[in-house]
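First comes the structure, then the notes that go with it.
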Amino acid sequence: MSTATAEKPAEAHVFEADVARLLHMMVHSVYSDKDVFLRELVSNAADACEKLRYEAISTPSLLAGDPDARIMLVLDADNNRLVIEDNGIGMSRAELIEALGTIARSGTRAFMERIEASKAAEGAQLIGQFGVGFYSSFMVAERVDVASRKGGEDEAWLWSSDGKGSYEVRPLDLADAPTRGTRITLHLMEDAKDYTRRGKVEAIVKQQSGHVPVPIMLYDKPDEKPAQITDGTALWTKSKNDITKEEYADFYHGVSGQYDDPSLTVHFRAEGRHEYTTLAFVPTTPPFDLFDPDRKGRMKLYVKRIFITDDAELLPRYLRFVRGLVDTSDLPLNVSREMIQESPILAAIRKGVTNRVLSAIEKQAKDDADAYQTFWNNFGIVLKEGLYDDYERKSQLLGLARFRTTTSGENQRSLADYVKDAKPEQNAIYYLTGSSVEQLRVSPQLEGFKARGIEVLLLADPVDSFWVMNAPEFEGKSFKSVSQGAADLAQFAKPESAEEEKTPEAKAEISGFVALAKEQLRDDVSDVVASDRLTESAVCLVASESGYDRQLEKILAGAGQLQAASKPVLEINPDHILIKAIASAGSSPALQQDAVHLLYDQARILDGDKPADPRAFAERMGRLFEKALKA
Ligand SMILES: Nc1ncnc2c1ncn2[C@@H]1O[C@H](COP(=O)(O)OP(=O)(O)OP(=O)(O)O)[C@@H](O)[C@H]1O
């Protein structure tokens, strides 16, 4: 019996504003690679088949007489149409409206900003990554009809749109709908007629979607017999030796939605206590969502080749740039959310996969320094989160870390390099944190270290301030900030141009100066000390031995997480000409006082801060200029 197509009129809906904007952009931007629409539709069709397989575990009747998943591509050159049909889960009326009228994903706005600013090629890559796949069909079609019947239901619906702001949904006669699943008919634009050519479609599908785990059938014409063009064998189940580099790359494109080639491929089968297969890739270019606040990984969990979830956190967050999957036969197919979180089997799998991925990265570091450097430039900042997060693997991760240092120039050095070149008497790894390497390089705190030839790590990523606090020793050496506490430089031989002994008068003048500075700056600093840290600059600020590192304090204050900032210590260079001159200017106390405050402000500016009181700073400068110019 026919459904009530005639009785129920089509309902008109307007696209959610974001969808309308997105569609406008898709249609009006000239992407170099329109072929991606096919990859997106085939991938949705495959997902729908996987969802059905999953649902059928608890409700076998859903498969009713048609148990084998398939995707059908029908070429219809006479009518200028291309049809993509699957016998998967299908969509109800509400699901059609929800899935094809809105954009559920949170990253959409960011996507649109990126796509508006992007070049053609990048735009095409972004489509897949942001999960706006279906809408890409409007790049080639002037009208798209989606006929769908949800598994187990006895009604079917037709969604239809020209992509220009609105769409219609109406009931569909069951005879005109797939028995189960979704049929998408693309009414191709004049310049997209080529997508009815067998050669073209077959080549694109094999290249882009050759490894989707559902067989794909191609019909040359609507009523002809189909040919199977891909066999639906999951690539990861094949032996490594039977897989070419290109096949891995194709698979990676599909699983990641990225268009670059993987820089590392990790494929292994674990046997023994737990059985699972992992196929994981490290991208060459960083995925756009690397710094999403949720820091979620994108590894997919399969059980016996059935897709279960991409939310199983199969790798620690600091490896969230890795894309791929784990397929295990050790979990039941109806594994629940709670089970995913608590399963000891998954915990063991997580550990195993993490170890394998890290060893592959370690191997690359050892065997191919250039490739590893690129890896580190892309992902080092994320991997370093593990130095903070992953207690067990801190030492291993320290071994992988690379740093800019006072001696590295534009290169980066490992801690093993650092330790190898350290002074024999040196028992610490010195570092300085800040907001940019350029600023750190000219920091006065480094002078005494540079003068004595002691290398200092320059740490400019925000995460650096956190992990160094609890970093374990590396090859017997602990981490020590050069901007905190005493500089412990006395143990190292002084440079050749060391100062001669000071006269008692000179010593008295310096102590007088220190006393004056303490008195004048008592509200700003916790102490004023003469030190051997400086060789060129007159002053610098350091954190007290017991307080937070200066940079960490700034980060915490910026995030509103600091109750009360601690006062820094002002260190002075007793050999500096300016200090000597001010110290001996006892006959002009007003000038001396101004100079002390200006020195303090100078130290703040060198630290990347503003003067403590900009107005007072300007006035003091003014007085000093006046005096100097009148003299
Ligand atoms: N053939 C289909 N069968 C069933 N549902 C589908 C089909 N095609 C699309 N959908 C539904 O429409 C939604 C939107 O699809 P779209 O391609 O725009 O994004 P997505 O598939 O969610 O994201 P991504 O492309 O990143 O996987 C899907 O999540 C799915 O619920």
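Chain labels follow the order of the structure tokens: the first chain is A, the next B, and so on; residue numbering restarts at 1 in every chain, and ligands are counted from 1 in their shown order.
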Checklist entry - Residues at most 8 Å from region 261-267 of chain A, counting only C-alpha atoms, excluding those fewer than 3 positions away in the same chain, as a VMD selection string? => result chain A and resid 236 240 248 to 249 252 to 253 277 to 284 356 to 357 360 to 361 371 375
Given the selection you just returned, output its residues as a file containing C-alpha atoms, formatted as a PDB file, in the first residue's frame.
```pdb
ATOM      1  CA  TRP A 236      44.246  -3.099   8.981  1.00  0.00           C
ATOM      2  CA  LYS A 240      51.880  -5.313   6.598  1.00  0.00           C
ATOM      3  CA  TYR A 248      48.363   3.357   3.823  1.00  0.00           C
ATOM      4  CA  ALA A 249      48.234   6.990   2.692  1.00  0.00           C
ATOM      5  CA  TYR A 252      45.005   7.720   6.396  1.00  0.00           C
ATOM      6  CA  HIS A 253      43.224  10.326   4.260  1.00  0.00           C
ATOM      7  CA  THR A 277      45.337  -4.497  15.936  1.00  0.00           C
ATOM      8  CA  THR A 278      46.395  -0.891  15.761  1.00  0.00           C
ATOM      9  CA  LEU A 279      46.788   1.225  12.697  1.00  0.00           C
ATOM     10  CA  ALA A 280      47.880   4.695  13.719  1.00  0.00           C
ATOM     11  CA  PHE A 281      49.352   7.620  11.839  1.00  0.00           C
ATOM     12  CA  VAL A 282      51.235  10.740  12.770  1.00  0.00           C
ATOM     13  CA  PRO A 283      50.239  13.499  10.316  1.00  0.00           C
ATOM     14  CA  THR A 284      52.767  15.647   8.484  1.00  0.00           C
ATOM     15  CA  ARG A 356      54.105   1.369  20.524  1.00  0.00           C
ATOM     16  CA  VAL A 357      53.371   4.860  19.258  1.00  0.00           C
ATOM     17  CA  ALA A 360      57.879   4.553  16.817  1.00  0.00           C
ATOM     18  CA  ILE A 361      58.448   8.231  17.552  1.00  0.00           C
ATOM     19  CA  ALA A 371      62.063  14.158   9.950  1.00  0.00           C
ATOM     20  CA  PHE A 375      57.697  16.280  13.916  1.00  0.00           C
TER      21      PHE A 375
END
```
Checklist entry - Taking the backbone alone, and naming residues the way the document does, which bits of region 289-419 of chain A are helix (DSSP H, G or I) by DSSP, as a ChimeraX atom specification? => result /A:289-291,317-319,337-342,344-367,369-383,385-389,391-400,415-419
Same residues, C-alpha atoms, saved as a PDB file, in the first residue's frame:
```
ATOM      1  CA  ASP A 289      41.802  20.998  16.235  1.00  0.00           C
ATOM      2  CA  LEU A 290      45.057  20.405  18.079  1.00  0.00           C
ATOM      3  CA  PHE A 291      44.309  23.108  20.602  1.00  0.00           C
ATOM      4  CA  ARG A 317      45.823  13.535  25.364  1.00  0.00           C
ATOM      5  CA  TYR A 318      49.355  14.569  24.644  1.00  0.00           C
ATOM      6  CA  LEU A 319      49.232  12.187  21.662  1.00  0.00           C
ATOM      7  CA  ARG A 337      30.243   3.787  27.817  1.00  0.00           C
ATOM      8  CA  GLU A 338      30.971   2.828  31.418  1.00  0.00           C
ATOM      9  CA  MET A 339      32.772  -0.249  30.282  1.00  0.00           C
ATOM     10  CA  ILE A 340      34.880   1.772  27.911  1.00  0.00           C
ATOM     11  CA  GLN A 341      35.938   3.964  30.767  1.00  0.00           C
ATOM     12  CA  GLU A 342      36.543   1.236  33.280  1.00  0.00           C
ATOM     13  CA  PRO A 344      40.913  -3.252  32.465  1.00  0.00           C
ATOM     14  CA  ILE A 345      41.272  -4.749  28.989  1.00  0.00           C
ATOM     15  CA  LEU A 346      41.034  -1.317  27.418  1.00  0.00           C
ATOM     16  CA  ALA A 347      43.431   0.044  30.016  1.00  0.00           C
ATOM     17  CA  ALA A 348      45.951  -2.596  28.942  1.00  0.00           C
ATOM     18  CA  ILE A 349      45.300  -1.832  25.284  1.00  0.00           C
ATOM     19  CA  ARG A 350      45.763   1.905  25.904  1.00  0.00           C
ATOM     20  CA  LYS A 351      49.075   1.218  27.540  1.00  0.00           C
ATOM     21  CA  GLY A 352      50.214  -1.077  24.750  1.00  0.00           C
ATOM     22  CA  VAL A 353      49.199   1.318  21.996  1.00  0.00           C
ATOM     23  CA  THR A 354      50.788   4.298  23.753  1.00  0.00           C
ATOM     24  CA  ASN A 355      54.058   2.401  24.160  1.00  0.00           C
ATOM     25  CA  ARG A 356      54.105   1.369  20.524  1.00  0.00           C
ATOM     26  CA  VAL A 357      53.371   4.860  19.258  1.00  0.00           C
ATOM     27  CA  LEU A 358      56.033   6.369  21.514  1.00  0.00           C
ATOM     28  CA  SER A 359      58.610   3.781  20.470  1.00  0.00           C
ATOM     29  CA  ALA A 360      57.879   4.553  16.817  1.00  0.00           C
ATOM     30  CA  ILE A 361      58.448   8.231  17.552  1.00  0.00           C
ATOM     31  CA  GLU A 362      61.658   7.382  19.430  1.00  0.00           C
ATOM     32  CA  LYS A 363      62.859   5.310  16.514  1.00  0.00           C
ATOM     33  CA  GLN A 364      62.275   8.189  14.158  1.00  0.00           C
ATOM     34  CA  ALA A 365      64.227  10.489  16.497  1.00  0.00           C
ATOM     35  CA  LYS A 366      67.138   8.062  16.350  1.00  0.00           C
ATOM     36  CA  ASP A 367      67.063   7.179  12.663  1.00  0.00           C
ATOM     37  CA  ALA A 369      66.899  13.553  12.708  1.00  0.00           C
ATOM     38  CA  ASP A 370      65.450  15.855  10.029  1.00  0.00           C
ATOM     39  CA  ALA A 371      62.063  14.158   9.950  1.00  0.00           C
ATOM     40  CA  TYR A 372      62.031  14.133  13.718  1.00  0.00           C
ATOM     41  CA  GLN A 373      62.787  17.831  13.844  1.00  0.00           C
ATOM     42  CA  THR A 374      59.738  18.519  11.656  1.00  0.00           C
ATOM     43  CA  PHE A 375      57.697  16.280  13.916  1.00  0.00           C
ATOM     44  CA  TRP A 376      58.898  18.135  16.972  1.00  0.00           C
ATOM     45  CA  ASN A 377      58.200  21.543  15.423  1.00  0.00           C
ATOM     46  CA  ASN A 378      54.629  20.451  14.719  1.00  0.00           C
ATOM     47  CA  PHE A 379      53.771  18.470  17.795  1.00  0.00           C
ATOM     48  CA  GLY A 380      56.438  19.085  20.430  1.00  0.00           C
ATOM     49  CA  ILE A 381      54.280  21.622  22.171  1.00  0.00           C
ATOM     50  CA  VAL A 382      51.534  18.985  22.570  1.00  0.00           C
ATOM     51  CA  LEU A 383      53.879  16.138  23.492  1.00  0.00           C
ATOM     52  CA  GLU A 385      52.000  18.218  28.007  1.00  0.00           C
ATOM     53  CA  GLY A 386      52.925  14.617  28.788  1.00  0.00           C
ATOM     54  CA  LEU A 387      55.899  15.825  30.811  1.00  0.00           C
ATOM     55  CA  TYR A 388      53.289  17.235  33.135  1.00  0.00           C
ATOM     56  CA  ASP A 389      50.487  14.681  32.718  1.00  0.00           C
ATOM     57  CA  TYR A 391      53.955  10.462  35.530  1.00  0.00           C
ATOM     58  CA  GLU A 392      55.106   7.072  34.305  1.00  0.00           C
ATOM     59  CA  ARG A 393      56.600   8.219  31.053  1.00  0.00           C
ATOM     60  CA  LYS A 394      58.196  11.506  32.073  1.00  0.00           C
ATOM     61  CA  SER A 395      61.745  10.270  31.573  1.00  0.00           C
ATOM     62  CA  GLN A 396      60.950   8.760  28.195  1.00  0.00           C
ATOM     63  CA  LEU A 397      59.295  12.003  27.089  1.00  0.00           C
ATOM     64  CA  LEU A 398      62.215  14.076  28.363  1.00  0.00           C
ATOM     65  CA  GLY A 399      64.398  11.995  26.079  1.00  0.00           C
ATOM     66  CA  LEU A 400      62.201  12.934  23.131  1.00  0.00           C
ATOM     67  CA  LEU A 415      68.830  16.867  26.851  1.00  0.00           C
ATOM     68  CA  ALA A 416      71.334  14.143  26.030  1.00  0.00           C
ATOM     69  CA  ASP A 417      73.244  16.755  23.977  1.00  0.00           C
ATOM     70  CA  TYR A 418      72.991  19.185  26.872  1.00  0.00           C
ATOM     71  CA  VAL A 419      74.325  16.737  29.433  1.00  0.00           C
TER      72      VAL A 419
END
```
Checklist entry - So, counting only C-alpha atoms and all ligand atoms, which residue among A:Gly133, A:Gly163, A:Pro462, A:Pro67 is closest to ligand 1? => result A:Gly133
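Shortest separation to Val335 (chain A) among A:Tyr54, A:Phe37, A:Phe449, A:Trp159 occurs at residue A:Tyr54, atoms counted being only C-alpha atoms.
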Next on the checklist: Using Å and a single decimal, report how far CA of Arg604 (chain A) sits from CA of Ala508 (chain A).
Outcome noted: 26.8 Å
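You can rank A:Leu38, A:Leu459, A:Ala565, A:Leu446 by their closest distance to ligand 1 using only C-alpha atoms and all ligand atoms, and at the top of that list sits A:Leu38.
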Checklist entry - Any idea what's packed within 12 Å of Ile84 (chain A), counting only C-alpha atoms, ignoring anything in its chain fewer than 6 positions away? Could you give it as number ranges by chain? => result A: 37-46, 70-76, 134, 137, 144-148, 178, 181-187, 195-196, 201, 205, 216-219, 222
Given the selection you just returned, output its residues as a file containing C-alpha atoms, formatted as a PDB file, in the first residue's frame.
```
ATOM      1  CA  PHE A  37      32.215  15.329  -2.154  1.00  0.00           C
ATOM      2  CA  LEU A  38      32.347  11.669  -3.228  1.00  0.00           C
ATOM      3  CA  ARG A  39      34.648  10.744  -0.404  1.00  0.00           C
ATOM      4  CA  GLU A  40      32.300  12.470   2.049  1.00  0.00           C
ATOM      5  CA  LEU A  41      29.148  10.768   0.776  1.00  0.00           C
ATOM      6  CA  VAL A  42      30.780   7.336   0.579  1.00  0.00           C
ATOM      7  CA  SER A  43      32.150   7.767   4.064  1.00  0.00           C
ATOM      8  CA  ASN A  44      28.696   8.722   5.413  1.00  0.00           C
ATOM      9  CA  ALA A  45      27.216   5.692   3.653  1.00  0.00           C
ATOM     10  CA  ALA A  46      29.854   3.424   5.184  1.00  0.00           C
ATOM     11  CA  ARG A  70      26.870  -2.433   0.539  1.00  0.00           C
ATOM     12  CA  ILE A  71      27.196   0.953  -1.058  1.00  0.00           C
ATOM     13  CA  MET A  72      25.844   1.463  -4.568  1.00  0.00           C
ATOM     14  CA  LEU A  73      26.913   4.176  -6.957  1.00  0.00           C
ATOM     15  CA  VAL A  74      24.591   4.601  -9.910  1.00  0.00           C
ATOM     16  CA  LEU A  75      25.668   6.626 -12.941  1.00  0.00           C
ATOM     17  CA  ASP A  76      22.846   8.151 -14.946  1.00  0.00           C
ATOM     18  CA  PHE A 134      27.268  16.151   3.273  1.00  0.00           C
ATOM     19  CA  SER A 137      27.553  17.767  -2.485  1.00  0.00           C
ATOM     20  CA  VAL A 144      20.142  17.119  -3.905  1.00  0.00           C
ATOM     21  CA  ASP A 145      17.406  14.617  -3.017  1.00  0.00           C
ATOM     22  CA  VAL A 146      17.852  12.373  -0.005  1.00  0.00           C
ATOM     23  CA  ALA A 147      15.396   9.492   0.175  1.00  0.00           C
ATOM     24  CA  SER A 148      15.722   7.575   3.405  1.00  0.00           C
ATOM     25  CA  PRO A 178      15.237   2.157  -0.490  1.00  0.00           C
ATOM     26  CA  GLY A 181      18.955   2.974   4.163  1.00  0.00           C
ATOM     27  CA  THR A 182      19.565   6.143   2.231  1.00  0.00           C
ATOM     28  CA  ARG A 183      19.608   7.083  -1.449  1.00  0.00           C
ATOM     29  CA  ILE A 184      21.184  10.400  -2.300  1.00  0.00           C
ATOM     30  CA  THR A 185      20.484  11.690  -5.804  1.00  0.00           C
ATOM     31  CA  LEU A 186      22.699  14.482  -7.062  1.00  0.00           C
ATOM     32  CA  HIS A 187      21.247  16.496  -9.947  1.00  0.00           C
ATOM     33  CA  TYR A 195      30.725  12.630 -12.512  1.00  0.00           C
ATOM     34  CA  THR A 196      28.543  10.343 -14.593  1.00  0.00           C
ATOM     35  CA  VAL A 201      34.049   7.941 -10.698  1.00  0.00           C
ATOM     36  CA  VAL A 205      36.389   6.063  -5.419  1.00  0.00           C
ATOM     37  CA  ILE A 216      31.166  -0.576  -3.192  1.00  0.00           C
ATOM     38  CA  MET A 217      29.179  -1.532  -6.325  1.00  0.00           C
ATOM     39  CA  LEU A 218      29.154   0.639  -9.426  1.00  0.00           C
ATOM     40  CA  TYR A 219      26.239   0.711 -11.891  1.00  0.00           C
ATOM     41  CA  PRO A 222      20.443   2.557 -13.547  1.00  0.00           C
TER      42      PRO A 222
END
```
Next on the checklist: Considering only strand (DSSP E) as DSSP defines it on the backbone, what residues of region 376-412 of chain A qualify? List them as a ChimeraX atom specification.
Outcome noted: /A:402-405
With N, CA and C atoms kept, could you save the residues just selected as an mmCIF file, in the first residue's frame?
```cif
data_model
loop_
_atom_site.group_PDB
_atom_site.id
_atom_site.type_symbol
_atom_site.label_atom_id
_atom_site.label_comp_id
_atom_site.auth_asym_id
_atom_site.auth_seq_id
_atom_site.Cartn_x
_atom_site.Cartn_y
_atom_site.Cartn_z
ATOM 1 N N ARG A 402 63.007 18.386 22.551
ATOM 2 C CA ARG A 402 64.061 19.187 21.917
ATOM 3 C C ARG A 402 63.887 20.627 22.362
ATOM 4 N N PHE A 403 65.011 21.328 22.523
ATOM 5 C CA PHE A 403 64.931 22.686 23.073
ATOM 6 C C PHE A 403 65.829 23.659 22.340
ATOM 7 N N ARG A 404 65.368 24.912 22.281
ATOM 8 C CA ARG A 404 66.263 26.004 21.937
ATOM 9 C C ARG A 404 67.094 26.271 23.187
ATOM 10 N N THR A 405 68.370 26.578 23.007
ATOM 11 C CA THR A 405 69.194 26.885 24.176
ATOM 12 C C THR A 405 70.081 28.083 23.842
#
```
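If you look at CA of Asp191 (chain A) and CA of Leu82 (chain A), they are 13.6 Å away from each other.
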Checklist entry - When distances are computed from only C-alpha atoms, which of A:Val27, A:Ala628, A:Ala581, A:Leu432 shows the smallest separation from Phe138 (chain A)? => result A:Val27
Next on the checklist: Show me, as a ChimeraX atom specification, the residues that have an atom within 10 Å of Val514 (chain A) when counting only C-alpha atoms, minus same-chain residues fewer than 2 positions from it.
Outcome noted: /A:508-512,516-520,527-530,570-572,574,579,583,596
Filtering to C-alpha atoms, could you give me those residues as a PDB file, in the first residue's frame?
```
ATOM      1  CA  ALA A 508      81.281  50.561  51.264  1.00  0.00           C
ATOM      2  CA  GLU A 509      79.680  52.530  48.438  1.00  0.00           C
ATOM      3  CA  ILE A 510      78.036  49.395  47.041  1.00  0.00           C
ATOM      4  CA  SER A 511      76.644  48.376  50.428  1.00  0.00           C
ATOM      5  CA  GLY A 512      75.378  51.933  50.850  1.00  0.00           C
ATOM      6  CA  LEU A 516      69.325  52.765  49.759  1.00  0.00           C
ATOM      7  CA  ALA A 517      67.698  50.563  47.113  1.00  0.00           C
ATOM      8  CA  LYS A 518      66.159  48.335  49.809  1.00  0.00           C
ATOM      9  CA  GLU A 519      64.722  51.360  51.524  1.00  0.00           C
ATOM     10  CA  GLN A 520      63.391  52.994  48.318  1.00  0.00           C
ATOM     11  CA  ASP A 527      65.384  42.018  48.709  1.00  0.00           C
ATOM     12  CA  VAL A 528      68.205  43.765  46.874  1.00  0.00           C
ATOM     13  CA  VAL A 529      71.441  41.824  46.458  1.00  0.00           C
ATOM     14  CA  ALA A 530      74.719  42.286  44.655  1.00  0.00           C
ATOM     15  CA  LEU A 570      66.396  42.857  42.585  1.00  0.00           C
ATOM     16  CA  GLU A 571      69.890  41.765  41.731  1.00  0.00           C
ATOM     17  CA  ILE A 572      72.501  44.389  40.932  1.00  0.00           C
ATOM     18  CA  PRO A 574      78.313  45.788  41.421  1.00  0.00           C
ATOM     19  CA  ILE A 579      75.761  51.146  39.561  1.00  0.00           C
ATOM     20  CA  ALA A 583      76.564  54.444  44.353  1.00  0.00           C
ATOM     21  CA  VAL A 596      67.188  53.564  41.931  1.00  0.00           C
TER      22      VAL A 596
END
```
Item to check | Asp250 (chain A) surroundings by only C-alpha atoms, 12 Å radius, close-in-sequence under 2 positions cut, as a ChimeraX atom specification | outcome: /A:39,204-212,235,243-248,252-262,281
Save the residues we just selected, C-alpha atoms, as a short mmCIF file (atom, residue, chain, number, x, y, z; two decimals), in the first residue's frame?
```cif
data_model
loop_
_atom_site.label_atom_id
_atom_site.label_comp_id
_atom_site.auth_asym_id
_atom_site.auth_seq_id
_atom_site.Cartn_x
_atom_site.Cartn_y
_atom_site.Cartn_z
CA ARG A 39 34.65 10.74 -0.40
CA ILE A 204 38.12 8.66 -7.55
CA VAL A 205 36.39 6.06 -5.42
CA LYS A 206 39.27 3.61 -5.57
CA GLN A 207 41.72 6.31 -4.74
CA GLN A 208 39.79 8.07 -1.99
CA SER A 209 37.63 5.35 -0.54
CA GLY A 210 39.32 2.11 -1.52
CA HIS A 211 39.50 0.95 2.09
CA VAL A 212 36.12 1.71 3.53
CA LEU A 235 43.04 -2.57 5.44
CA ILE A 243 50.10 -3.08 1.96
CA THR A 244 51.74 -0.42 -0.16
CA LYS A 245 52.70 3.05 1.02
CA GLU A 246 49.98 4.50 -1.21
CA GLU A 247 47.36 2.24 0.35
CA TYR A 248 48.36 3.36 3.82
CA TYR A 252 45.00 7.72 6.40
CA HIS A 253 43.22 10.33 4.26
CA GLY A 254 39.93 8.59 4.90
CA VAL A 255 40.37 8.04 8.61
CA SER A 256 41.78 11.48 9.39
CA GLY A 257 40.01 13.72 6.89
CA GLN A 258 43.45 15.20 6.20
CA TYR A 259 45.06 15.43 2.81
CA ASP A 260 48.72 15.33 3.75
CA ASP A 261 50.67 12.08 3.89
CA PRO A 262 51.39 10.46 7.23
CA PHE A 281 49.35 7.62 11.84
#
```
Checklist entry - Which one is closest to Ala20 (chain A): A:Gly165, A:Pro504, A:Gly586, A:Pro286? Count only C-alpha atoms. => result A:Gly165
